[in-house]
$ cat structure.txt   # compact mmCIF, C-alpha atoms
# COMPACT_ATOMS: atom_id res chain seq x y z
CA MET A 611 -19.92 10.92 49.11
CA THR A 612 -18.41 7.55 48.17
CA ARG A 613 -21.65 6.61 46.40
CA ILE A 614 -21.60 9.86 44.38
CA LEU A 615 -18.00 9.20 43.35
CA LEU A 616 -18.85 5.63 42.37
CA HIS A 617 -21.82 6.80 40.25
CA THR A 618 -19.67 9.45 38.59
CA CYS A 619 -17.01 6.87 37.75
CA LEU A 620 -19.61 4.46 36.36
CA LEU A 621 -21.16 7.22 34.23
CA LEU A 622 -17.73 8.21 32.88
CA LEU A 623 -16.91 4.57 32.14
CA ALA A 624 -20.23 4.05 30.38
CA GLY A 625 -19.66 7.23 28.37
CA SER A 626 -16.21 6.15 27.27
CA MET A 627 -17.47 2.69 26.32
CA ALA A 628 -20.23 4.22 24.21
CA HIS A 629 -17.53 6.01 22.13
CA ALA A 630 -15.06 3.09 22.04
CA ALA A 631 -14.62 1.36 18.71
CA GLN A 632 -16.36 -1.98 18.36
CA PRO A 633 -15.35 -4.85 16.06
CA LEU A 634 -17.15 -4.63 12.74
CA THR A 635 -18.76 -7.93 11.81
CA ASP A 636 -20.87 -6.88 8.86
CA LEU A 637 -18.56 -5.43 6.21
CA GLY A 638 -21.31 -4.96 3.65
CA GLU A 639 -21.91 -1.26 4.25
CA LEU A 640 -18.18 -0.43 4.51
CA ASN A 641 -17.39 -2.20 1.23
CA ARG A 642 -20.37 -0.63 -0.54
CA ARG A 643 -19.39 2.88 0.56
CA LEU A 644 -15.70 2.32 -0.31
CA GLN A 645 -16.65 1.15 -3.80
CA GLU A 646 -18.88 4.18 -4.30
CA THR A 647 -16.10 6.54 -3.18
CA ALA A 648 -13.36 4.82 -5.16
CA GLY A 649 -15.22 5.53 -8.38
CA LYS A 650 -15.67 9.18 -7.53
CA ILE A 651 -12.29 10.29 -6.18
CA THR A 652 -9.56 10.81 -8.75
CA SER A 653 -7.36 13.19 -6.79
CA ILE A 654 -6.76 14.40 -3.24
CA GLU A 655 -4.90 17.43 -1.96
CA SER A 656 -4.59 17.86 1.77
CA GLU A 657 -2.44 19.21 4.55
CA PHE A 658 -0.70 16.65 6.73
CA VAL A 659 1.12 16.41 10.03
CA GLN A 660 3.59 13.55 10.27
CA THR A 661 4.64 12.32 13.71
CA LYS A 662 7.56 9.97 14.10
CA HIS A 663 7.43 8.21 17.45
CA ILE A 664 10.40 6.17 18.65
CA ASP A 665 9.73 4.63 22.00
CA ILE A 666 13.09 5.14 23.70
CA PHE A 667 13.26 8.84 22.80
CA ASP A 668 11.54 11.35 25.02
CA GLU A 669 10.08 13.47 22.24
CA ASP A 670 8.34 12.88 18.93
CA VAL A 671 9.52 14.37 15.66
CA GLU A 672 6.85 16.32 13.85
CA SER A 673 6.84 17.38 10.19
CA ARG A 674 4.21 19.24 8.17
CA GLY A 675 3.40 19.68 4.52
CA THR A 676 0.99 19.14 1.66
CA PHE A 677 -0.04 15.74 0.37
CA LEU A 678 -1.04 15.28 -3.28
CA TYR A 679 -2.47 12.16 -4.86
CA CYS A 680 -3.74 11.66 -8.39
CA ASN A 681 -4.99 8.69 -10.41
CA GLY A 682 -3.36 6.10 -8.17
CA THR A 683 0.07 6.52 -9.78
CA GLN A 684 1.10 10.04 -8.78
CA ILE A 685 1.94 10.88 -5.19
CA CYS A 686 3.70 13.93 -3.78
CA LEU A 687 4.66 14.68 -0.18
CA ASP A 688 5.69 18.32 -0.15
CA TYR A 689 7.25 19.05 3.27
CA ARG A 690 7.46 22.62 4.55
CA GLN A 691 8.55 21.97 8.13
CA PRO A 692 10.99 21.32 9.62
CA MET A 693 12.66 21.59 6.24
CA SER A 694 11.74 22.07 2.65
CA TYR A 695 11.75 18.61 1.11
CA ARG A 696 9.71 16.98 -1.63
CA ILE A 697 9.15 13.33 -2.48
CA VAL A 698 7.42 12.63 -5.77
CA ILE A 699 6.35 9.24 -7.04
CA ASN A 700 5.16 9.27 -10.62
CA GLY A 701 4.59 5.93 -12.31
CA ASN A 702 7.64 3.81 -11.59
CA ARG A 703 10.00 6.68 -10.76
CA LEU A 704 10.72 8.37 -7.45
CA MET A 705 12.31 11.76 -7.02
CA THR A 706 13.51 13.47 -3.86
CA LEU A 707 14.23 17.18 -3.96
CA THR A 708 16.01 19.10 -1.23
CA ASP A 709 17.94 22.36 -1.38
CA GLY A 710 17.77 22.17 -5.17
CA HIS A 711 19.41 18.73 -5.20
CA LYS A 712 17.42 16.06 -7.05
CA THR A 713 17.74 12.31 -6.77
CA ILE A 714 15.73 10.18 -9.17
CA VAL A 715 15.48 6.42 -8.76
CA ASN A 716 13.63 3.75 -10.64
CA LEU A 717 11.18 2.05 -8.32
CA GLY A 718 11.34 -1.11 -10.37
CA SER A 719 14.85 -1.70 -9.05
CA ASN A 720 13.91 -1.11 -5.42
CA ALA A 721 11.43 -3.65 -4.08
CA MET A 722 10.94 -1.89 -0.75
CA MET A 723 10.26 1.56 -2.23
CA ASN A 724 8.00 -0.07 -4.79
CA GLU A 725 6.02 -1.64 -1.98
CA MET A 726 5.90 1.65 -0.05
CA GLN A 727 4.55 3.45 -3.12
CA LYS A 728 1.85 0.83 -3.52
CA LEU A 729 0.97 0.99 0.17
CA ILE A 730 0.73 4.78 0.36
CA GLY A 731 -1.38 4.90 -2.80
CA VAL A 732 -3.66 2.09 -1.69
CA CYS A 733 -4.01 3.39 1.87
CA MET A 734 -4.71 6.97 0.82
CA ALA A 735 -7.34 5.86 -1.62
CA GLY A 736 -8.80 3.50 0.99
CA ASN A 737 -8.51 0.65 -1.52
CA LEU A 738 -8.83 -2.20 0.96
CA GLN A 739 -9.26 -4.87 -1.71
CA ALA A 740 -5.74 -4.18 -2.97
CA LEU A 741 -4.42 -4.65 0.57
CA GLN A 742 -6.12 -8.00 1.06
CA SER A 743 -3.62 -9.97 -1.02
CA ASP A 744 -0.66 -9.13 1.25
CA PHE A 745 -2.33 -8.25 4.58
CA ASP A 746 -4.73 -9.67 7.13
CA LEU A 747 -7.33 -7.03 7.83
CA THR A 748 -9.33 -6.44 10.99
CA TYR A 749 -12.12 -3.89 11.21
CA GLU A 750 -13.59 -1.74 13.97
CA ALA A 751 -15.93 1.23 13.97
CA ASP A 752 -17.43 3.88 16.19
CA ALA A 753 -20.00 6.56 15.39
CA GLN A 754 -17.59 8.72 13.35
CA HIS A 755 -14.88 6.43 11.99
CA TYR A 756 -13.93 3.06 10.58
CA TYR A 757 -10.64 1.70 11.94
CA ILE A 758 -8.79 -0.85 9.86
CA ILE A 759 -5.69 -2.68 11.01
CA ALA A 760 -3.64 -4.39 8.30
CA ARG A 761 -0.98 -6.91 9.34
CA PRO A 762 1.34 -8.18 6.61
CA HIS A 763 1.54 -11.90 6.00
CA ASP A 764 4.27 -11.36 3.42
CA LYS A 765 7.71 -11.82 5.09
CA ASN A 766 9.35 -9.15 2.92
CA ILE A 767 6.85 -6.52 4.04
CA ALA A 768 6.87 -7.71 7.65
CA ALA A 769 10.64 -7.10 7.73
CA TYR A 770 10.04 -3.35 7.91
CA LEU A 771 6.35 -3.01 8.75
CA ALA A 772 4.53 -4.69 11.66
CA LYS A 773 1.09 -3.26 10.85
CA ILE A 774 -0.76 -0.37 9.27
CA GLY A 775 -3.56 1.50 11.00
CA LEU A 776 -6.06 3.26 8.78
CA THR A 777 -8.78 5.59 10.06
CA ILE A 778 -11.57 6.44 7.63
CA ASP A 779 -14.04 9.25 8.22
CA LYS A 780 -17.58 7.95 7.82
CA LYS A 781 -18.80 11.32 6.51
CA ASP A 782 -16.84 11.34 3.25
CA MET A 783 -15.04 7.96 3.45
CA SER A 784 -11.68 9.69 3.24
CA VAL A 785 -8.57 8.64 5.16
CA THR A 786 -8.03 10.93 8.14
CA GLU A 787 -5.17 9.07 9.75
CA LEU A 788 -2.59 6.60 8.54
CA VAL A 789 -0.13 4.93 10.92
CA PHE A 790 2.79 2.78 9.85
CA HIS A 791 3.91 0.68 12.82
CA GLU A 792 7.47 -0.49 12.30
CA ASN A 793 7.26 -2.62 15.44
CA GLU A 794 5.09 -2.76 18.55
CA ASN A 795 6.47 0.53 19.90
CA ASP A 796 7.64 2.72 17.04
CA TYR A 797 5.42 4.27 14.42
CA THR A 798 4.99 7.06 11.90
CA ARG A 799 1.57 8.69 11.93
CA TYR A 800 0.13 10.92 9.21
CA ARG A 801 -2.92 13.07 10.02
CA PHE A 802 -4.67 14.58 7.05
CA THR A 803 -6.72 17.78 7.24
CA SER A 804 -8.22 20.35 4.84
CA LYS A 805 -8.90 17.72 2.21
CA ARG A 806 -9.84 18.85 -1.30
CA PHE A 807 -11.08 16.22 -3.71
CA ASN A 808 -10.88 16.09 -7.52
CA GLN A 809 -9.29 19.50 -7.93
CA LEU A 810 -5.85 18.40 -9.05
CA ASP A 811 -4.63 18.11 -12.59
CA ALA A 812 -2.49 15.08 -13.50
CA HIS A 813 -0.08 17.57 -15.13
CA ASP A 814 0.35 19.57 -11.91
CA PRO A 815 4.05 20.61 -11.86
CA ARG A 816 4.45 19.19 -8.37
CA PHE A 817 4.16 15.68 -9.85
CA SER A 818 6.84 16.41 -12.42
CA ILE A 819 10.01 14.29 -12.39
CA GLN A 820 12.79 15.55 -14.68
CA MET B 1240 61.93 -23.27 -8.48
CA THR B 1241 62.96 -23.01 -4.80
CA ARG B 1242 64.18 -19.44 -5.35
CA ALA B 1243 60.91 -18.48 -7.05
CA PHE B 1244 58.98 -19.95 -4.16
CA LEU B 1245 61.12 -17.97 -1.69
CA TYR B 1246 60.61 -14.71 -3.60
CA ASN B 1247 56.86 -15.32 -3.77
CA SER B 1248 56.68 -16.13 -0.07
CA LEU B 1249 58.65 -12.98 0.76
CA ALA B 1250 56.36 -10.89 -1.43
CA VAL B 1251 53.27 -12.32 0.31
CA ILE B 1252 54.76 -11.67 3.76
CA LEU B 1253 55.72 -8.10 2.81
CA LEU B 1254 52.23 -7.46 1.38
CA ALA B 1255 50.60 -8.85 4.52
CA ALA B 1256 52.86 -6.74 6.73
CA THR B 1257 52.07 -3.62 4.70
CA LEU B 1258 48.31 -4.26 4.92
CA LEU B 1259 48.47 -4.95 8.64
CA THR B 1260 50.47 -1.80 9.28
CA ALA B 1261 48.05 0.20 7.17
CA CYS B 1262 45.12 -1.18 9.19
CA SER B 1263 46.63 -0.62 12.59
CA ARG B 1264 45.07 2.81 12.90
CA GLN B 1265 43.17 1.80 16.01
CA ALA B 1266 44.46 4.10 18.75
CA SER B 1267 45.91 2.37 21.76
CA LEU B 1268 44.35 2.78 25.19
CA ASP B 1269 47.43 4.82 26.16
CA ALA B 1270 46.40 7.52 23.71
CA PRO B 1271 44.68 10.56 25.25
CA VAL B 1272 40.90 10.50 25.60
CA ARG B 1273 39.29 12.45 22.79
CA PRO B 1274 35.93 13.96 23.73
CA ALA B 1275 32.88 13.29 21.58
CA LEU B 1276 32.04 15.93 18.98
CA TYR B 1277 28.36 15.65 19.92
CA ALA B 1278 28.15 13.91 23.27
CA VAL B 1279 25.11 11.68 23.71
CA SER B 1280 23.10 12.45 26.84
CA ASP B 1281 20.00 11.06 28.50
CA THR B 1282 17.81 13.59 26.71
CA THR B 1283 16.97 13.23 23.04
CA ALA B 1284 19.18 15.17 20.63
CA ARG B 1285 18.30 15.65 17.00
CA TYR B 1286 20.49 16.14 13.93
CA ASP B 1287 20.05 16.57 10.22
CA ILE B 1288 21.97 13.97 8.28
CA THR B 1289 22.83 13.70 4.60
CA PHE B 1290 24.35 10.65 2.96
CA VAL B 1291 25.93 10.96 -0.43
CA MET B 1292 27.03 7.71 -2.02
CA GLY B 1293 28.21 8.20 -5.58
CA LYS B 1294 25.47 10.22 -7.23
CA VAL B 1295 22.74 9.22 -4.79
CA GLN B 1296 21.84 11.59 -1.98
CA GLN B 1297 19.61 10.69 0.95
CA ASN B 1298 18.55 13.20 3.56
CA GLY B 1299 17.10 12.35 6.91
CA LEU B 1300 17.09 12.98 10.59
CA LEU B 1301 19.18 11.37 13.25
CA VAL B 1302 18.09 11.18 16.88
CA THR B 1303 20.37 10.12 19.70
CA ARG B 1304 19.94 9.33 23.35
CA LEU B 1305 21.86 7.63 26.11
CA HIS B 1306 19.73 4.66 27.12
CA ASN B 1307 20.83 2.10 29.75
CA ASP B 1308 24.36 3.56 29.50
CA GLU B 1309 24.45 2.82 25.76
CA ALA B 1310 24.23 5.32 22.92
CA ARG B 1311 21.18 4.72 20.77
CA LEU B 1312 21.15 6.26 17.29
CA VAL B 1313 18.10 6.13 15.05
CA CYS B 1314 18.10 7.54 11.53
CA ALA B 1315 14.89 8.05 9.59
CA SER B 1316 14.07 9.35 6.14
CA PRO B 1317 12.06 12.60 6.02
CA PHE B 1318 8.87 10.60 5.38
CA GLY B 1319 9.37 8.61 8.55
CA LEU B 1320 10.84 5.31 7.41
CA THR B 1321 13.53 4.16 9.86
CA LEU B 1322 16.71 3.66 7.86
CA PHE B 1323 18.75 2.25 10.71
CA ASP B 1324 18.69 1.90 14.48
CA ILE B 1325 21.98 1.17 16.19
CA THR B 1326 23.14 0.78 19.77
CA LEU B 1327 26.71 1.94 20.12
CA ARG B 1328 29.14 0.94 22.85
CA ASN B 1329 32.84 1.69 23.33
CA ASP B 1330 34.02 -1.59 21.88
CA ASP B 1331 31.10 -2.94 19.88
CA TYR B 1332 27.66 -2.18 18.51
CA THR B 1333 24.29 -3.80 17.93
CA LEU B 1334 22.34 -3.12 14.77
CA ASN B 1335 18.74 -3.21 15.99
CA HIS B 1336 17.15 -2.46 12.66
CA CYS B 1337 18.29 -1.61 9.17
CA ILE B 1338 16.65 -1.38 5.76
CA GLY B 1339 17.64 -4.01 3.20
CA PRO B 1340 20.00 -1.95 1.02
CA LEU B 1341 22.09 -0.99 4.09
CA ARG B 1342 22.33 -4.53 5.46
CA ASN B 1343 26.06 -5.07 5.02
CA GLU B 1344 28.30 -5.98 7.95
CA LYS B 1345 31.44 -4.44 6.43
CA ILE B 1346 29.71 -1.10 5.89
CA TRP B 1347 28.45 -1.17 9.46
CA THR B 1348 31.89 -1.82 10.91
CA VAL B 1349 33.01 1.36 9.16
CA LEU B 1350 29.95 3.41 10.09
CA ALA B 1351 29.99 2.25 13.72
CA ASP B 1352 33.61 3.46 14.03
CA ASP B 1353 32.67 6.79 12.45
CA PHE B 1354 29.67 7.32 14.72
CA ARG B 1355 31.67 6.22 17.77
CA SER B 1356 34.25 8.94 17.00
CA ILE B 1357 31.50 11.52 16.79
CA PHE B 1358 29.13 10.57 19.60
CA LEU B 1359 31.34 8.84 22.19
CA SER B 1360 34.61 9.66 23.90
CA THR B 1361 37.36 7.70 22.20
CA HIS B 1362 41.11 7.35 22.47
CA GLY B 1363 43.15 9.27 19.95
CA SER B 1364 44.75 12.59 19.27
CA VAL B 1365 42.99 15.71 18.07
CA THR B 1366 44.54 17.34 15.03
CA TYR B 1367 43.50 20.21 12.76
CA ASP B 1368 43.51 20.56 8.98
CA SER B 1369 44.82 23.57 7.08
CA ASP B 1370 41.40 25.28 7.35
CA GLY B 1371 41.42 25.00 11.14
CA ARG B 1372 38.81 22.23 11.25
CA GLN B 1373 39.19 19.47 13.78
CA LEU B 1374 40.34 16.35 11.97
CA ARG B 1375 39.97 12.74 13.02
CA ARG B 1376 41.01 9.77 10.97
CA THR B 1377 38.88 6.66 10.68
CA GLY B 1378 38.97 3.25 9.06
CA CYS B 1379 41.92 1.66 7.31
CA GLY B 1380 42.95 0.51 3.87
CA LEU B 1381 40.09 0.93 1.43
CA THR B 1382 37.75 2.04 4.21
CA ARG B 1383 39.99 4.77 5.55
CA GLY B 1384 38.44 8.16 5.82
CA THR B 1385 38.37 11.49 7.57
CA ILE B 1386 36.01 13.16 9.99
CA ARG B 1387 36.15 16.96 9.93
CA TYR B 1388 34.36 19.14 12.44
CA ASP B 1389 33.68 22.73 11.51
CA ALA B 1390 33.23 24.66 14.76
CA ASP B 1391 31.77 27.72 12.98
CA ASN B 1392 28.62 25.97 11.78
CA HIS B 1393 28.86 22.94 14.12
CA ALA B 1394 28.80 20.62 11.10
CA THR B 1395 30.65 17.33 10.91
CA ARG B 1396 31.59 15.77 7.61
CA ILE B 1397 32.70 12.15 7.20
CA ALA B 1398 34.42 11.29 3.94
CA HIS B 1399 35.44 7.84 2.73
CA LYS B 1400 37.10 8.57 -0.58
CA TRP B 1401 37.48 5.00 -1.78
CA LEU B 1402 33.92 4.07 -0.78
CA LYS B 1403 32.63 7.27 -2.48
CA LEU B 1404 30.70 7.89 0.71
CA GLN B 1405 30.15 11.22 2.42
CA ILE B 1406 28.01 11.87 5.46
CA GLU B 1407 27.23 15.28 6.87
CA ILE B 1408 25.74 15.68 10.33
CA THR B 1409 24.47 18.99 11.68
CA PRO B 1410 22.68 19.58 14.97
CA TYR B 1411 19.04 20.39 14.30
CA ASN B 1412 18.44 24.12 14.55
CA PRO B 1413 14.74 25.04 14.54
CA SER B 1414 15.41 28.72 13.74
CA ILE B 1415 17.23 27.81 10.50
CA HIS B 1416 14.43 25.45 9.51
CA ASP B 1417 11.74 28.04 10.31
CA ASN B 1418 13.50 30.44 7.96
CA HIS B 1419 13.59 27.73 5.25
CA ALA B 1420 9.94 26.94 5.84
CA THR B 1421 8.79 30.53 5.39
CA ARG B 1422 10.79 31.13 2.21

$ encode --input "structure.txt" --output "structure tokens"
Amino acid sequence: MTRILLHTCLLLLAGSMAHAAQPLTDLGELNRRLQETAGKITSIESEFVQTKHIDIFDEDVESRGTFLYCNGTQICLDYRQPMSYRIVINGNRLMTLTDGHKTIVNLGSNAMMNEMQKLIGVCMAGNLQALQSDFDLTYEADAQHYYIIARPHDKNIAAYLAKIGLTIDKKDMSVTELVFHENENDYTRYRFTSKRFNQLDAHDPRFSIQ
Amino acid sequence: MTRAFLYNSLAVILLAATLLTACSRQASLDAPVRPALYAVSDTTARYDITFVMGKVQQNGLLVTRLHNDEARLVCASPFGLTLFDITLRNDDYTLNHCIGPLRNEKIWTVLADDFRSIFLSTHGSVTYDSDGRQLRRTGCGLTRGTIRYDADNHATRIAHKWLKLQIEITPYNPSIHDNHATR
């Protein structure tokens, strides 16, 4: 009986190890596939679930909505739950819209928001080269995904962001999960589903700031 | 010359006395204990929060929990960025994290007092305004303000007129948000 249990445990352990991510030493294929994809994808529309985890609290806060991205300069997070709320970044302007109340700010005057805009755009497009100037990147992979961890070496970014976790689906090289770790324990995770590529118009009214 | 000096000294003393009197709003420990508007407990509580400073409005969520006998308050923007994280005690506070634009000790002295009045039991009297809302006074001098609690919709509004700052806190109500979401 003990032997059967031991064998079962070993089999389970071996199974889990086979699916565990391994460090990626040869980045050639990843970079080649990212370059191919970057040239092809101009826009993304997807559903997302955002989970805010704060370690000392006993429950996570979940929000849902639609994510829109176009041409690297237009981003929209259109929240439906728990409340109707829209954040639009278009060029160097950011607009928040809630209950009909708009706030428009110039990103040029806000270094942190400017950095966030760059990060979201770069991460969603999987543009790792753009991250390399400000972050140290480590790579892992399993059969289905690439996992990239980006740790900032810029002090200004490190003040509010400990690391970024990026999960890329090997099938279509799209980002399936994005995690902003504010410190070792607290994070905000975005999971993207129902992705539609290159179907958005740059003049889509949801990108409009006025 | 001597007379001018005396008048000036008197004026300075009177001004100082006026300012000190104006700032002595801190209730003494003899004052009755005023219960918290939203008492912090050892389970997580969630609130919607709106800051309006001048023409700028920022919405977010506020989560609170009693942790190691201290009230922990974390406020995040709707897209998840932590705006501030504060540990509140009866007589002081620790700012664990705060975004750059909010990093101002004077502002935090004011906000900590406001949040203490709302989330912790404090000493002071409970009064009501002409609309029947519970009214608490906070701050002093240029930072003085009011905290009004509307029992009908459970909303609390902090107003600092001279700072042009208003904060509204409402307990999170999933049924209201579900209705919003399905509109």

$ interface_residues --input "structure.txt" --of "chain A" --to "chain B" --cutoff "9 Å" --atoms "all atoms listed in the file" --output "count of residues only"
35

$ residues_around --input "structure.txt" --residues "A:Lys650" --least-positions-apart "2" --cutoff "12 Å" --atoms "all atoms listed in the file" --output "PyMOL selection string"
chain A and resi 643-648+652-654+681+735+782-784+807-808

$ residues_around --input "structure.txt" --residues "A:Thr683" --least-positions-apart "4" --cutoff "8 Å" --atoms "all atoms listed in the file" --output "VMD selection string"
chain A and resid 679 699 to 701 731

$ residues_near_point --input "structure.txt" --point "(29.6, 1.2, 19.4)" --cutoff "8 Å" --atoms "only C-alpha atoms" --output "list in words"
Ala1310, Thr1326, Leu1327, Arg1328, Asn1329, Asp1330, Asp1331, Tyr1332, Thr1333, Ala1351, Asp1352, Phe1354 and Arg1355 of chain B

$ write_last_selection --input "structure.txt" --atoms "C-alpha atoms" --output "CSV table (one decimal), in the coordinates of the input"
chain,number,residue,atom,x,y,z
B,1310,ALA,CA,24.2,5.3,22.9
B,1326,THR,CA,23.1,0.8,19.8
B,1327,LEU,CA,26.7,1.9,20.1
B,1328,ARG,CA,29.1,0.9,22.8
B,1329,ASN,CA,32.8,1.7,23.3
B,1330,ASP,CA,34.0,-1.6,21.9
B,1331,ASP,CA,31.1,-2.9,19.9
B,1332,TYR,CA,27.7,-2.2,18.5
B,1333,THR,CA,24.3,-3.8,17.9
B,1351,ALA,CA,30.0,2.2,13.7
B,1352,ASP,CA,33.6,3.5,14.0
B,1354,PHE,CA,29.7,7.3,14.7
B,1355,ARG,CA,31.7,6.2,17.8

$ residues_around --input "structure.txt" --residues "B:Gly1384" --least-positions-apart "3" --cutoff "7 Å" --atoms "only C-alpha atoms" --output "PyMOL selection string"
chain B and resi 1376-1378+1398-1400

$ atom_distance --input "structure.txt" --atom1 "atom CA of B:Arg1375" --atom2 "atom CA of B:Pro1274"
11.5 Å

$ closest_residue --input "structure.txt" --among "A:Asn793, A:Asn737, A:Thr777, A:Ser743" --to "A:Ala631" --atoms "all atoms listed in the file"
A:Thr777

$ atom_distance --input "structure.txt" --atom1 "atom CA of A:Val698" --atom2 "atom CA of A:Gln684"
7.5 Å

$ atom_distance --input "structure.txt" --atom1 "atom CA of B:Leu1359" --atom2 "atom CA of B:Lys1345"
20.6 Å

$ residues_near_point --input "structure.txt" --point "(41.8, 7.7, 21.0)" --cutoff "6 Å" --atoms "only C-alpha atoms" --output "PyMOL selection string"
chain B and resi 1266+1270-1273+1361-1364

$ axis_aligned_box --input "structure.txt" --around "stretch 797-806 of chain A" --padding-each-side "8 Å" --output "AutoDock Vina command-line options"
--center_x -2.2 --center_y 12.3 --center_z 6.6 --size_x 31.3 --size_y 32.1 --size_z 31.7

$ closest_residue --input "structure.txt" --among "B:Gly1299, B:Ala1390, B:Leu1381, B:Asp1308" --to "B:Leu1402" --atoms "only C-alpha atoms"
B:Leu1381
